[in-house]
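Enquirer: Okay, so here is model-v6.txt, and as you'll see once you scroll down, it has compact mmCIF, C-alpha atoms.
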```
# COMPACT_ATOMS: atom_id res chain seq x y z
CA MET A 569 49.91 -59.73 113.90
CA ALA A 570 47.10 -60.93 111.71
CA ASP A 571 49.26 -61.39 108.62
CA THR A 572 51.77 -63.60 110.42
CA GLU A 573 50.51 -66.86 108.94
CA GLN A 574 51.38 -65.84 105.39
CA ALA A 575 54.63 -64.18 106.43
CA ARG A 576 55.68 -67.37 108.23
CA ALA A 577 55.57 -69.15 104.90
CA SER A 578 57.65 -66.46 103.20
CA ALA A 579 60.40 -65.96 105.77
CA PRO A 580 61.85 -69.50 105.88
CA GLU A 581 61.79 -69.72 102.09
CA ALA A 582 63.49 -66.37 101.72
CA ALA A 583 66.12 -67.23 104.31
CA ALA A 584 66.83 -70.59 102.71
CA ALA A 585 67.11 -69.02 99.28
CA ALA A 586 69.51 -66.41 100.61
CA ALA A 587 71.76 -68.97 102.26
CA ALA A 588 71.64 -71.28 99.26
CA VAL A 589 72.44 -68.70 96.63
CA LEU A 590 74.51 -65.87 97.96
CA ASP A 591 76.79 -65.03 100.87
CA ALA A 592 78.34 -61.76 101.84
CA LEU A 593 80.66 -60.08 99.40
CA ASN A 594 81.12 -63.22 97.32
CA ALA A 595 80.38 -61.38 94.08
CA THR A 596 82.73 -58.50 94.74
CA ASP A 597 85.73 -58.13 92.49
CA ALA A 598 89.26 -57.12 93.41
CA ASN A 599 88.56 -53.41 93.13
CA GLY A 600 85.58 -53.61 95.46
CA THR A 601 83.10 -53.14 92.63
CA GLU A 602 80.21 -55.54 92.65
CA ALA A 603 80.55 -58.19 89.97
CA LEU A 604 76.90 -57.96 88.99
CA ASN A 605 77.57 -54.54 87.54
CA ALA A 606 78.00 -54.85 83.78
CA THR A 607 79.18 -51.32 83.13
CA ALA A 608 82.77 -50.26 82.65
CA LYS A 609 85.06 -50.93 85.61
CA PHE A 610 84.70 -48.23 88.20
CA VAL A 611 87.39 -47.47 90.74
CA ALA A 612 85.61 -46.26 93.85
CA SER A 613 86.91 -43.35 95.86
CA PRO A 614 87.98 -44.05 99.48
CA GLU A 615 85.03 -42.00 100.68
CA GLY A 616 82.57 -43.88 98.46
CA THR A 617 83.95 -47.25 99.54
CA ALA A 618 83.78 -46.33 103.22
CA LEU A 619 80.22 -45.04 102.85
CA ALA A 620 79.09 -48.14 100.97
CA TYR A 621 80.53 -50.73 103.34
CA GLY A 622 79.66 -48.73 106.43
CA SER A 623 76.06 -48.56 105.20
CA LEU A 624 76.00 -52.30 104.47
CA VAL A 625 77.26 -53.12 107.97
CA PHE A 626 74.66 -50.79 109.51
CA MET A 627 71.85 -52.28 107.41
CA ALA A 628 72.95 -55.80 108.34
CA LEU A 629 72.74 -54.99 112.06
CA LEU A 630 69.16 -53.70 111.86
CA PRO A 631 67.36 -56.98 111.07
CA ILE A 632 69.60 -58.91 113.46
CA PHE A 633 68.93 -56.58 116.39
CA PHE A 634 65.22 -56.01 115.87
CA GLY A 635 64.59 -59.53 114.56
CA ALA A 636 66.17 -60.95 117.73
CA LEU A 637 63.95 -58.76 119.92
CA ARG A 638 60.86 -59.80 117.97
CA SER A 639 61.89 -63.46 118.22
CA VAL A 640 61.56 -63.25 122.02
CA HIS A 641 57.99 -62.02 121.70
CA CYS A 642 57.33 -64.63 119.02
CA SER A 643 58.55 -67.46 121.26
CA LYS A 644 56.23 -66.33 124.08
CA SER A 645 53.15 -66.02 121.88
CA LYS A 646 50.19 -68.23 122.76
CA ASN A 647 48.63 -67.71 119.34
CA ALA A 648 49.20 -70.72 117.08
CA SER A 649 49.53 -68.48 114.03
CA ASP A 650 52.46 -66.66 115.65
CA MET A 651 54.47 -69.78 116.39
CA PRO A 652 57.93 -69.80 114.77
CA GLU A 653 59.49 -72.45 112.56
CA THR A 654 61.82 -74.52 114.75
CA ILE A 655 65.10 -75.84 113.35
CA THR A 656 66.16 -79.15 114.91
CA SER A 657 69.61 -80.70 114.85
CA ARG A 658 68.49 -82.96 112.01
CA ASP A 659 67.30 -79.96 110.00
CA ALA A 660 70.58 -78.17 110.70
CA ALA A 661 72.65 -81.13 109.50
CA ARG A 662 70.67 -81.38 106.25
CA PHE A 663 70.59 -77.66 105.52
CA PRO A 664 74.07 -77.35 103.92
CA ILE A 665 73.26 -80.29 101.63
CA ILE A 666 69.93 -78.75 100.61
CA ALA A 667 71.63 -75.38 100.10
CA SER A 668 74.33 -76.94 97.94
CA CYS A 669 71.77 -78.76 95.79
CA THR A 670 69.77 -75.55 95.38
CA LEU A 671 72.86 -73.56 94.45
CA PHE A 672 74.12 -76.13 91.94
CA GLY A 673 70.61 -76.53 90.51
CA LEU A 674 70.44 -72.79 89.87
CA TYR A 675 73.88 -72.96 88.28
CA LEU A 676 72.68 -75.64 85.84
CA PHE A 677 69.49 -73.72 85.12
CA PHE A 678 71.45 -70.62 84.18
CA LYS A 679 73.70 -72.73 81.96
CA VAL A 680 70.84 -74.45 80.12
CA PHE A 681 68.01 -71.92 80.01
CA SER A 682 67.78 -68.27 79.13
CA GLN A 683 68.88 -66.04 82.00
CA GLU A 684 66.23 -63.48 81.04
CA TYR A 685 63.27 -65.84 81.49
CA ILE A 686 64.61 -67.40 84.69
CA ASN A 687 65.06 -63.98 86.27
CA LEU A 688 61.57 -62.98 85.13
CA LEU A 689 60.09 -65.95 86.97
CA LEU A 690 62.26 -65.27 90.03
CA SER A 691 61.20 -61.61 90.01
CA VAL A 692 57.52 -62.55 90.11
CA TYR A 693 58.14 -65.16 92.81
CA PHE A 694 60.11 -62.80 95.05
CA PHE A 695 57.59 -60.03 94.38
CA GLY A 696 54.93 -62.10 96.15
CA LEU A 697 57.24 -63.13 98.98
CA GLY A 698 58.57 -59.60 99.35
CA VAL A 699 55.13 -58.00 99.60
CA LEU A 700 54.10 -60.43 102.36
CA ALA A 701 57.41 -60.12 104.22
CA LEU A 702 57.46 -56.32 104.07
CA SER A 703 53.81 -56.16 105.14
CA HIS A 704 54.55 -58.35 108.17
CA THR A 705 57.58 -56.24 109.03
CA MET A 706 55.59 -53.01 108.90
CA SER A 707 52.59 -54.22 110.93
CA PRO A 708 53.91 -53.39 114.44
CA LEU A 709 54.95 -49.93 113.26
CA MET A 710 51.56 -49.24 111.73
CA SER A 711 49.84 -50.28 114.96
CA ARG A 712 51.73 -47.50 116.74
CA ILE A 713 51.23 -44.87 114.03
CA PHE A 714 47.47 -45.15 113.75
CA PRO A 715 45.57 -43.32 116.53
CA ASP A 716 43.26 -45.18 118.88
CA SER A 717 40.31 -43.44 117.24
CA PHE A 718 41.12 -45.11 113.90
CA SER A 719 38.33 -47.42 112.77
CA ASN A 720 40.15 -50.74 112.50
CA LYS A 721 37.75 -53.29 111.03
CA GLN A 722 38.40 -57.01 111.33
CA PHE A 723 38.18 -59.38 108.36
CA GLN A 724 38.46 -63.13 107.89
CA LEU A 725 39.24 -65.14 104.77
CA LEU A 726 38.06 -68.74 105.24
CA PHE A 727 38.23 -71.64 102.79
CA THR A 728 36.97 -75.09 103.78
CA GLN A 729 36.39 -78.41 102.06
CA GLY A 730 34.02 -81.28 102.80
CA SER A 731 30.55 -81.43 104.29
CA GLU A 732 29.46 -80.29 107.72
CA GLU A 733 30.55 -83.54 109.38
CA THR A 734 33.97 -83.71 107.69
CA LYS A 735 34.60 -80.03 107.08
CA GLU A 736 38.30 -79.18 107.00
CA GLU A 737 39.86 -75.72 106.97
CA ILE A 738 42.16 -75.01 104.04
CA VAL A 739 42.75 -71.32 104.69
CA ASN A 740 41.78 -69.36 107.78
CA TYR A 741 43.35 -65.92 107.48
CA GLU A 742 42.39 -63.07 109.80
CA PHE A 743 43.39 -59.50 109.07
CA ASP A 744 42.30 -55.93 109.71
CA THR A 745 42.35 -52.51 108.08
CA LYS A 746 45.88 -51.78 109.28
CA ASN A 747 47.08 -54.96 107.61
CA LEU A 748 45.45 -53.85 104.36
CA VAL A 749 47.29 -50.52 104.54
CA CYS A 750 50.59 -52.38 105.07
CA LEU A 751 49.79 -54.66 102.16
CA LEU A 752 49.01 -51.70 99.90
CA ILE A 753 52.28 -49.93 100.74
CA SER A 754 54.23 -53.16 100.28
CA THR A 755 52.59 -53.74 96.90
CA VAL A 756 53.65 -50.27 95.74
CA VAL A 757 57.25 -51.09 96.73
CA GLY A 758 56.92 -54.42 94.92
CA VAL A 759 55.73 -52.81 91.70
CA TRP A 760 58.58 -50.30 91.96
CA TYR A 761 61.03 -53.17 92.28
CA LEU A 762 59.52 -55.11 89.36
CA LEU A 763 59.56 -52.14 87.01
CA LYS A 764 62.81 -50.41 87.97
CA LYS A 765 64.87 -52.95 89.97
CA HIS A 766 65.95 -49.92 92.01
CA TRP A 767 68.48 -50.60 94.73
CA ILE A 768 66.37 -48.92 97.43
CA ALA A 769 63.37 -51.15 96.64
CA ASN A 770 65.73 -54.13 96.60
CA ASN A 771 67.01 -53.20 100.05
CA LEU A 772 63.51 -52.74 101.49
CA PHE A 773 62.61 -56.27 100.43
CA GLY A 774 65.99 -57.60 101.54
CA LEU A 775 65.70 -56.09 105.01
CA ALA A 776 62.17 -57.48 105.33
CA PHE A 777 63.33 -60.98 104.34
CA ALA A 778 66.22 -60.84 106.78
CA LEU A 779 64.13 -59.56 109.70
CA ASN A 780 61.44 -62.19 109.09
CA GLY A 781 64.07 -64.90 108.92
CA VAL A 782 65.71 -63.90 112.21
CA GLU A 783 62.34 -63.51 113.91
CA LEU A 784 60.58 -66.65 112.69
CA LEU A 785 63.37 -69.20 112.25
CA HIS A 786 64.23 -70.52 115.72
CA LEU A 787 67.06 -72.86 116.69
CA ASN A 788 65.98 -75.16 119.51
CA ASN A 789 69.35 -75.07 121.31
CA VAL A 790 72.95 -73.85 121.00
CA SER A 791 74.23 -77.25 119.87
CA THR A 792 71.87 -77.13 116.90
CA GLY A 793 73.13 -73.64 116.13
CA CYS A 794 76.73 -74.87 116.13
CA ILE A 795 75.81 -77.71 113.76
CA LEU A 796 74.08 -75.30 111.39
CA LEU A 797 76.84 -72.69 111.43
CA GLY A 798 79.56 -75.32 111.17
CA GLY A 799 77.93 -76.96 108.17
CA LEU A 800 77.39 -73.68 106.36
CA PHE A 801 80.95 -72.66 107.22
CA VAL A 802 82.18 -75.62 105.12
CA TYR A 803 79.53 -74.92 102.46
CA ASP A 804 80.58 -71.29 102.12
CA VAL A 805 84.32 -71.98 101.92
CA PHE A 806 83.89 -74.82 99.39
CA TRP A 807 81.60 -73.01 96.97
CA VAL A 808 83.65 -69.80 97.03
CA PHE A 809 87.22 -71.13 97.00
CA GLY A 810 86.63 -74.56 95.44
CA THR A 811 84.47 -73.70 92.43
CA ASN A 812 83.15 -70.81 90.37
CA VAL A 813 79.54 -71.89 90.92
CA MET A 814 78.59 -69.31 93.56
CA VAL A 815 80.12 -66.37 91.72
CA THR A 816 78.50 -67.49 88.45
CA VAL A 817 75.07 -67.71 90.07
CA ALA A 818 75.60 -64.39 91.85
CA ARG A 819 76.36 -62.70 88.54
CA SER A 820 73.25 -64.17 86.92
CA PHE A 821 70.74 -64.10 89.78
CA GLU A 822 68.49 -61.03 89.96
CA ALA A 823 66.42 -61.12 93.14
CA PRO A 824 66.23 -59.14 96.41
CA ILE A 825 68.30 -61.69 98.34
CA LYS A 826 71.12 -59.27 98.99
CA LEU A 827 71.63 -55.77 100.35
CA VAL A 828 73.40 -53.38 98.02
CA PHE A 829 74.79 -49.88 98.36
CA PRO A 830 76.38 -47.80 95.58
CA GLN A 831 80.03 -46.89 95.86
CA ASP A 832 79.48 -44.03 93.40
CA LEU A 833 76.59 -42.46 95.35
CA LEU A 834 78.59 -39.32 96.05
CA GLU A 835 79.30 -38.85 92.36
CA ARG A 836 76.02 -39.95 90.77
CA GLY A 837 73.38 -39.71 93.49
CA LEU A 838 70.43 -42.12 93.51
CA ASP A 839 71.17 -43.14 89.91
CA ALA A 840 74.46 -44.74 90.99
CA SER A 841 75.14 -48.18 89.53
CA ASN A 842 78.38 -49.57 91.00
CA PHE A 843 77.35 -51.55 94.04
CA ALA A 844 78.93 -53.19 97.02
CA MET A 845 76.88 -56.16 98.15
CA LEU A 846 76.03 -58.22 101.22
CA GLY A 847 74.14 -61.51 100.80
CA LEU A 848 71.19 -62.17 103.09
CA GLY A 849 72.63 -65.56 104.03
CA ASP A 850 75.37 -63.79 105.96
CA ILE A 851 72.73 -61.87 107.92
CA VAL A 852 70.05 -64.49 108.54
CA ILE A 853 72.29 -67.46 109.44
CA PRO A 854 74.35 -65.70 112.13
CA GLY A 855 71.25 -63.68 113.05
CA ILE A 856 69.16 -66.67 114.10
CA PHE A 857 72.06 -67.83 116.29
CA ILE A 858 72.36 -64.39 117.89
CA ALA A 859 68.57 -64.35 118.44
CA LEU A 860 68.89 -67.76 120.12
CA LEU A 861 71.45 -66.33 122.55
CA LEU A 862 69.10 -63.46 123.38
CA ARG A 863 66.38 -65.98 124.25
CA PHE A 864 68.96 -67.83 126.34
CA ASP A 865 69.71 -64.59 128.20
CA VAL A 866 65.98 -64.15 128.83
CA SER A 867 65.67 -67.75 130.08
CA LEU A 868 68.39 -67.13 132.69
CA LYS A 869 66.18 -64.45 134.28
CA LYS A 870 69.21 -62.45 135.40
CA ASN A 871 68.14 -59.18 133.79
CA SER A 872 71.29 -59.37 131.67
CA ARG A 873 71.89 -59.61 127.91
CA THR A 874 75.56 -60.62 128.08
CA TYR A 875 75.43 -63.43 125.53
CA PHE A 876 73.37 -61.41 123.09
CA TYR A 877 75.64 -58.36 123.19
CA SER A 878 78.82 -60.45 123.03
CA SER A 879 77.58 -62.28 119.93
CA PHE A 880 76.29 -59.04 118.41
CA LEU A 881 79.72 -57.44 118.83
CA ALA A 882 81.29 -60.62 117.47
CA TYR A 883 79.19 -60.27 114.32
CA ILE A 884 80.39 -56.70 113.82
CA PHE A 885 83.98 -57.85 114.31
CA GLY A 886 83.61 -60.79 111.90
CA LEU A 887 81.95 -58.73 109.17
CA GLY A 888 84.53 -55.97 109.51
CA LEU A 889 87.31 -58.57 109.28
CA THR A 890 85.73 -59.97 106.10
CA ILE A 891 85.80 -56.56 104.43
CA PHE A 892 89.36 -55.89 105.60
CA VAL A 893 90.71 -59.21 104.27
CA MET A 894 88.85 -58.80 100.99
CA HIS A 895 90.38 -55.42 100.31
CA THR A 896 93.81 -56.47 101.53
CA PHE A 897 94.06 -59.55 99.27
CA LYS A 898 91.80 -58.23 96.48
CA HIS A 899 89.82 -61.48 96.38
CA ALA A 900 86.23 -62.45 97.15
CA GLN A 901 85.82 -63.83 100.66
CA PRO A 902 83.31 -66.28 102.18
CA ALA A 903 82.02 -64.18 105.05
CA LEU A 904 81.01 -67.19 107.16
CA LEU A 905 84.70 -68.10 107.29
CA TYR A 906 85.07 -65.17 109.70
CA LEU A 907 81.56 -64.82 111.09
CA VAL A 908 81.11 -68.38 112.36
CA PRO A 909 84.26 -68.52 114.57
CA ALA A 910 83.50 -65.04 115.92
CA CYS A 911 79.78 -65.57 116.64
CA VAL A 912 80.36 -68.97 118.26
CA GLY A 913 83.70 -68.25 119.91
CA PHE A 914 82.82 -65.03 121.74
CA PRO A 915 79.78 -66.46 123.61
CA VAL A 916 81.68 -69.66 124.46
CA VAL A 917 84.47 -67.60 126.02
CA VAL A 918 81.86 -65.63 127.99
CA ALA A 919 80.26 -68.89 129.17
CA LEU A 920 83.64 -70.24 130.28
CA ILE A 921 84.35 -67.07 132.25
CA ARG A 922 80.92 -67.18 133.91
CA GLY A 923 80.97 -70.93 134.51
CA GLU A 924 77.81 -71.48 132.44
CA LEU A 925 79.20 -73.53 129.53
CA THR A 926 77.26 -76.69 130.43
CA GLU A 927 74.05 -74.75 130.87
CA LEU A 928 74.62 -72.95 127.57
CA PHE A 929 74.84 -76.18 125.58
CA SER A 930 72.32 -78.24 127.52
CA SER A 931 69.41 -75.80 127.65
CA ARG A 932 66.57 -76.44 125.20
CA PHE A 933 64.26 -73.59 124.38
CA LEU A 934 62.58 -71.87 121.46
```
As structure tokens, how would this structure be written, given the file I've shared?
Expert:
Amino acid sequence: MADTEQARASAPEAAAAAAAVLDALNATDANGTEALNATAKFVASPEGTALAYGSLVFMALLPIFFGALRSVHCSKSKNASDMPETITSRDAARFPIIASCTLFGLYLFFKVFSQEYINLLLSVYFFGLGVLALSHTMSPLMSRIFPDSFSNKQFQLLFTQGSEETKEEIVNYEFDTKNLVCLLISTVVGVWYLLKKHWIANNLFGLAFALNGVELLHLNNVSTGCILLGGLFVYDVFWVFGTNVMVTVARSFEAPIKLVFPQDLLERGLDASNFAMLGLGDIVIPGIFIALLLRFDVSLKKNSRTYFYSSFLAYIFGLGLTIFVMHTFKHAQPALLYLVPACVGFPVVVALIRGELTELFSSRFL
């Protein structure tokens, strides 16, 4: 769509921030109540807990499934503005280090500076990213909603520098009336989030970030995906079990880089305030690997989606296992500890059964 160029800039940043700051369920205390909640301890009912975590799992699957489908279209696009950001093996190897530095930097910032002012700056920053990401997410839907008779005018925003002989484009942004409608709706959601910090507005931005990340961040091959997931596996385990840095940042960080759902919704309705949480890093990171396997399925030209569905089911299994272990041992869990072996192991087993293991790891595609 016409707003892809700006959304491309927002999605990788949002995905990196999510992976660097927060992973699934890491800020959840022993009673299943989200640690960011500063009210009195609330013991959730079994029904409320089941509803909350069931909703989180369902919301996590949406950007992975639809982001993977959109990544196939994105990889086939001939338009330069629709080209995805490609993650190479070198990028994958450096990512856990960059994420660790970002996480520890935020930890030091919250220790030195006022939490209120830092979160104010982060709110404004993620407001801009969220509006662009949500607008990009909504664009295909709007194209289907508007009738063919709708007058869809084309616009272009062009900034150049230099004279006629050495003129260089700084910004060349094309958009239409439908994009403006998407931008207006997204801005309303953004203002709602800024003013109220409502959990529904948070989730709308979070889902948009996650879908953009899965769609626009492409691994170039399965080996690169294994390097990325393996590195973040170690990152996740270290920062959760080895230090209090991640939990401290999670308690201080106020930004739509997580999905939340109230465990007291049945008792308090939309004004509920005791949240279960799922970090976007535990959606985007496995999601871009699952999207890669869908593109691998497409490249085989066998009219089959075996690798995609096996990894998708593996994600559901891994996330469910994370929640089960957390509630069994009453301790925060690094979700990638369970998601990485599941998402990598299931497709590898499928490849061994089908005799395609070499092809799986040797193929290079976007």
Enquirer: So what do you get for atom CA of Val749 of chain A versus atom CA of Met706 of chain A, distance-wise?
Expert: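 One can read the atom CA of Val749 of chain A to atom CA of Met706 of chain A distance as 9.7 Å.
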Enquirer: Which residues come within 7 Å of segment 760-774 of chain A, counting all atoms listed in the file, excluding same-chain residues fewer than 6 positions away, as a compact mmCIF listing (two decimals) with C-alpha atoms, in the frame of the given file?
Expert:
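That gives us out-v9.txt:
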```txt
# COMPACT_ATOMS: atom_id res chain seq x y z
CA SER A 691 61.20 -61.61 90.01
CA GLY A 698 58.57 -59.60 99.35
CA LEU A 702 57.46 -56.32 104.07
CA PRO A 824 66.23 -59.14 96.41
CA ILE A 825 68.30 -61.69 98.34
CA LYS A 826 71.12 -59.27 98.99
CA LEU A 827 71.63 -55.77 100.35
CA VAL A 828 73.40 -53.38 98.02
```
Enquirer: Between A:Phe885, A:Phe718, A:Phe929, A:Phe809, which is the closest to Asn789 of chain A once you count all atoms listed in the file?
Expert: A:Phe929
Enquirer: Given only C-alpha atoms as the basis, pick out the residue of A:Thr745, A:Gly616, A:Asn788, A:Val808 nearest to Gly837 of chain A.
Expert: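 The shortest atom-to-atom distance to Gly837 of chain A comes from A:Gly616.
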Enquirer: Excluding same-chain residues fewer than 6 positions from Thr755 of chain A, what lies within 9 Å of it counting all atoms listed in the file, as a list in words?
Expert: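 After dropping sequence-adjacent residues, the list is Phe695, Gly696, Gly698, Val699, Leu700 and Ser703 of chain A.
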Enquirer: Quick check, in Å to one decimal: how far apart do atom CA of Met651 of chain A and atom CA of Val916 of chain A lie?
Expert: 28.4 Å
Enquirer: Find the residues near segment 652-665 of chain A: any atom within 6 Å, counting only C-alpha atoms, skip ones fewer than 2 places away on the same chain, and give them as an MDAnalysis selection string.
Expert: chainID A and resid 667:668 784:787 792 796 799:800
Enquirer: If you measure from atom CA of His899 of chain A to atom CA of Ile851 of chain A, what distance in Å do you get, rounded to one decimal?
Expert: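 Interatomic distance here is 20.6 Å.
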Enquirer: Given the choices A:Gly758, A:Met814, A:Leu833, A:Thr874, which gets closest to Arg922 of chain A if the distance is worked out from only C-alpha atoms?
Expert: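 Answer, going by the shortest atom-to-atom distance: A:Thr874.
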Enquirer: Which protein, DNA or RNA residues have an atom at most 8 Å from (39.8, -73.7, 106.2), counting all atoms listed in the file? List them as a PyMOL selection string.
Expert: chain A and resi 726-729+736-740
Enquirer: Using C-alpha atoms, can you write the selected residues to a file as a short mmCIF file (atom, residue, chain, number, x, y, z; two decimals), in the coordinates of the input?
Expert:
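Contents of result.cif, freshly written:
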```
data_model
loop_
_atom_site.label_atom_id
_atom_site.label_comp_id
_atom_site.auth_asym_id
_atom_site.auth_seq_id
_atom_site.Cartn_x
_atom_site.Cartn_y
_atom_site.Cartn_z
CA LEU A 726 38.06 -68.74 105.24
CA PHE A 727 38.23 -71.64 102.79
CA THR A 728 36.97 -75.09 103.78
CA GLN A 729 36.39 -78.41 102.06
CA GLU A 736 38.30 -79.18 107.00
CA GLU A 737 39.86 -75.72 106.97
CA ILE A 738 42.16 -75.01 104.04
CA VAL A 739 42.75 -71.32 104.69
CA ASN A 740 41.78 -69.36 107.78
#
```
Enquirer: Give the answer as one residue: which of A:Val611, A:Ala823, A:Ala636, A:Met894 has the shortest atom-to-atom distance to Phe876 of chain A, using all atoms listed in the file?
Expert: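 Smallest separation from Phe876 of chain A among the options: A:Ala636.
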Enquirer: Excluding same-chain residues fewer than 4 positions from Leu629 of chain A, what lies within 9 Å of it counting only C-alpha atoms, as number ranges by chain?
Expert: A: 624-625, 633-634, 851, 855, 880, 883-884
Enquirer: Pull out segment 810-832 of chain A, keep N, CA and C atoms, and write it as a CSV table (one decimal), in the first residue's frame.
Expert:
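For reference, decode_38.csv as written:
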```
chain,number,residue,atom,x,y,z
A,810,GLY,N,18.8,-14.9,35.5
A,810,GLY,CA,20.1,-14.5,36.0
A,810,GLY,C,20.1,-13.2,36.7
A,811,THR,N,19.2,-12.3,36.3
A,811,THR,CA,19.2,-11.0,36.9
A,811,THR,C,17.8,-10.5,37.1
A,812,ASN,N,17.6,-9.4,37.8
A,812,ASN,CA,16.3,-8.8,37.9
A,812,ASN,C,16.1,-7.6,37.0
A,813,VAL,N,16.9,-7.5,36.0
A,813,VAL,CA,16.9,-6.4,35.0
A,813,VAL,C,15.6,-6.4,34.2
A,814,MET,N,15.3,-7.5,33.6
A,814,MET,CA,14.1,-7.5,32.8
A,814,MET,C,12.8,-7.2,33.5
A,815,VAL,N,12.7,-7.8,34.7
A,815,VAL,CA,11.4,-7.6,35.5
A,815,VAL,C,11.4,-6.2,36.0
A,816,THR,N,12.5,-5.6,36.3
A,816,THR,CA,12.6,-4.2,36.7
A,816,THR,C,12.1,-3.3,35.6
A,817,VAL,N,12.7,-3.5,34.4
A,817,VAL,CA,12.3,-2.7,33.3
A,817,VAL,C,10.8,-2.9,32.9
A,818,ALA,N,10.3,-4.1,33.0
A,818,ALA,CA,8.9,-4.4,32.7
A,818,ALA,C,8.0,-3.7,33.6
A,819,ARG,N,8.4,-3.6,34.9
A,819,ARG,CA,7.5,-2.9,35.9
A,819,ARG,C,7.5,-1.4,35.7
A,820,SER,N,8.6,-0.9,35.0
A,820,SER,CA,8.7,0.6,34.9
A,820,SER,C,8.3,1.1,33.5
A,821,PHE,N,8.4,0.2,32.5
A,821,PHE,CA,8.2,0.6,31.1
A,821,PHE,C,6.7,0.6,30.7
A,822,GLU,N,6.3,1.8,30.3
A,822,GLU,CA,4.9,2.0,29.9
A,822,GLU,C,4.8,2.3,28.4
A,823,ALA,N,4.6,1.3,27.6
A,823,ALA,CA,4.5,1.4,26.1
A,823,ALA,C,3.8,0.2,25.6
A,824,PRO,N,3.2,0.4,24.4
A,824,PRO,CA,2.4,-0.7,23.8
A,824,PRO,C,3.2,-1.7,23.1
A,825,ILE,N,4.2,-2.3,23.9
A,825,ILE,CA,5.0,-3.4,23.4
A,825,ILE,C,4.7,-4.7,24.0
A,826,LYS,N,3.4,-4.8,24.4
A,826,LYS,CA,2.9,-6.0,25.0
A,826,LYS,C,1.4,-6.1,24.8
A,827,LEU,N,0.9,-7.3,24.8
A,827,LEU,CA,-0.6,-7.5,24.8
A,827,LEU,C,-1.0,-7.8,26.2
A,828,VAL,N,-2.1,-7.2,26.6
A,828,VAL,CA,-2.6,-7.4,28.0
A,828,VAL,C,-4.1,-7.8,27.9
A,829,PHE,N,-4.5,-8.5,28.9
A,829,PHE,CA,-5.9,-8.9,29.1
A,829,PHE,C,-6.2,-9.0,30.5
A,830,PRO,N,-7.3,-8.3,31.0
A,830,PRO,CA,-7.6,-8.3,32.4
A,830,PRO,C,-8.2,-9.6,32.9
A,831,GLN,N,-7.6,-10.1,34.1
A,831,GLN,CA,-8.1,-11.3,34.7
A,831,GLN,C,-9.4,-11.0,35.5
A,832,ASP,N,-9.7,-9.7,35.8
A,832,ASP,CA,-10.9,-9.4,36.5
A,832,ASP,C,-11.9,-8.8,35.6
```
